[in-house]
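Only one structure is covered here, and it is reproduced in the block below.
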Amino acid sequence: PMALTKLMQWLLGGGCFIALWLALMHDLIPVELTPMGRHVTNWLPLYAGGLFGLASALTIVYRVLMFNDCPEAHSELVREIDEAKADLAKRGFKFVDPKGDKKTS
Amino acid sequence: MYSIILPTYNERDNLPLLVWMIDKYLGAANIQYEIVIVDDGSPDGTQEAAKQLAKIYSEDRILGLGTAYLHGLKHAKGDHVILMDADLSHHPKFIPQMVAKMRSGSFDIVTGSRYEGEGCGVYGWDLRRKVISRGANFLAQLLLRPGVSDLTGSFRLYKREVLQRLVDSCTSKGYVFQMEMMVRARHLGYSIGEVPITFVDRMFYGDSKLGGSEIVQYLKGLLTLFATT
């Protein structure tokens, strides 16, 4: 059961990330860091944020490009509309002409 | 029996065509149905069209009401309910597919998805609309992890008691109501299946305009759901 709201889950996750990062920043975690590693650690939130933003943007661009346009759905609908109008008129349906006159079957 | 509830506003032209198509596809699939038309006081003669259709297709099968959205549920006699748009953007040919999906997967809800699955798609959206749609969906997936690919879709098949429960527990309107129903459904433990659908936007009108205020409403709704569920 989801007792935590999504917001709380994010705050919790974000809090853990920040705690970990601060621990690294203050050398509380016994790990050897190369100069490059040190640099990345110092700027970790920024790099993480930037990477995430980039990944998101690329995902969205990809999904827009891969968007399925289905023109056949439109042409099928147009055909069926004509079929429907003819059949309904035969069955006695009175359509209203947009100009105000009534069409009769 | 399957009750199809159609909320209408000024659909005098589309309504008969939709009813014809529902009869065609559900008839071919041997699905027992009724159509409950819930008209929001249309000035264009939608209710007259509904009356004509009731005569043509039998008054047992077509019921026209003049009350607000989803009060139609009280008058529906089926044990399954289909909600769909009345402007021909949703095609009834997908209803038998949803019915089959619900049976084969024992789902409580089957939703049409414009975004995922073989054969899904949208006709009539320009680049701007596509970008907004993908962006909005991405955000919703990220924040809500709903387990449903098309969160704002409104073409869905429900077991009647499931829909009743959701309608009773949801409070938002419009786009956000559709989203809220899916999120609450998951929280209540209901299973949701998906069927890819094609969505033909704005058959008879100009561009599908999605304005700034609608985007703001969407974001507000999304953030509310994010913070409360």
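Letters A, B, ... go to the chains of the structure tokens in the order shown; residues in each chain start at 1; ligands are counted from 1 in the same order.
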Quick one: which residues from chain A are at most 10 Å off chain B, using only C-alpha atoms, as a PyMOL selection string? chain A and resi 1-10+56-57+59-65+67-75+77-78+80-85+87-88+91-98
Going by DSSP on the backbone, which bits of chain A are helix (DSSP H, G or I)? Write them as a PyMOL selection string, please. chain A and resi 6-25+35-42+44-65+71-90
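Between Ile4 in chain B and the candidates B:Ile192, B:Leu151, B:Asp39, B:Leu63, the tightest atom-to-atom separation, counting only C-alpha atoms, involves B:Leu63.
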If you measure from CA of Leu33 in chain A to CA of Leu20 in chain A, what distance in Å do you get, rounded to one decimal? 15.0 Å
Give me, please, the distance in Å between CA of Ala86 in chain A and CA of Val38 in chain B, quoted to one decimal.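 Between these atoms lies a distance of 25.7 Å.
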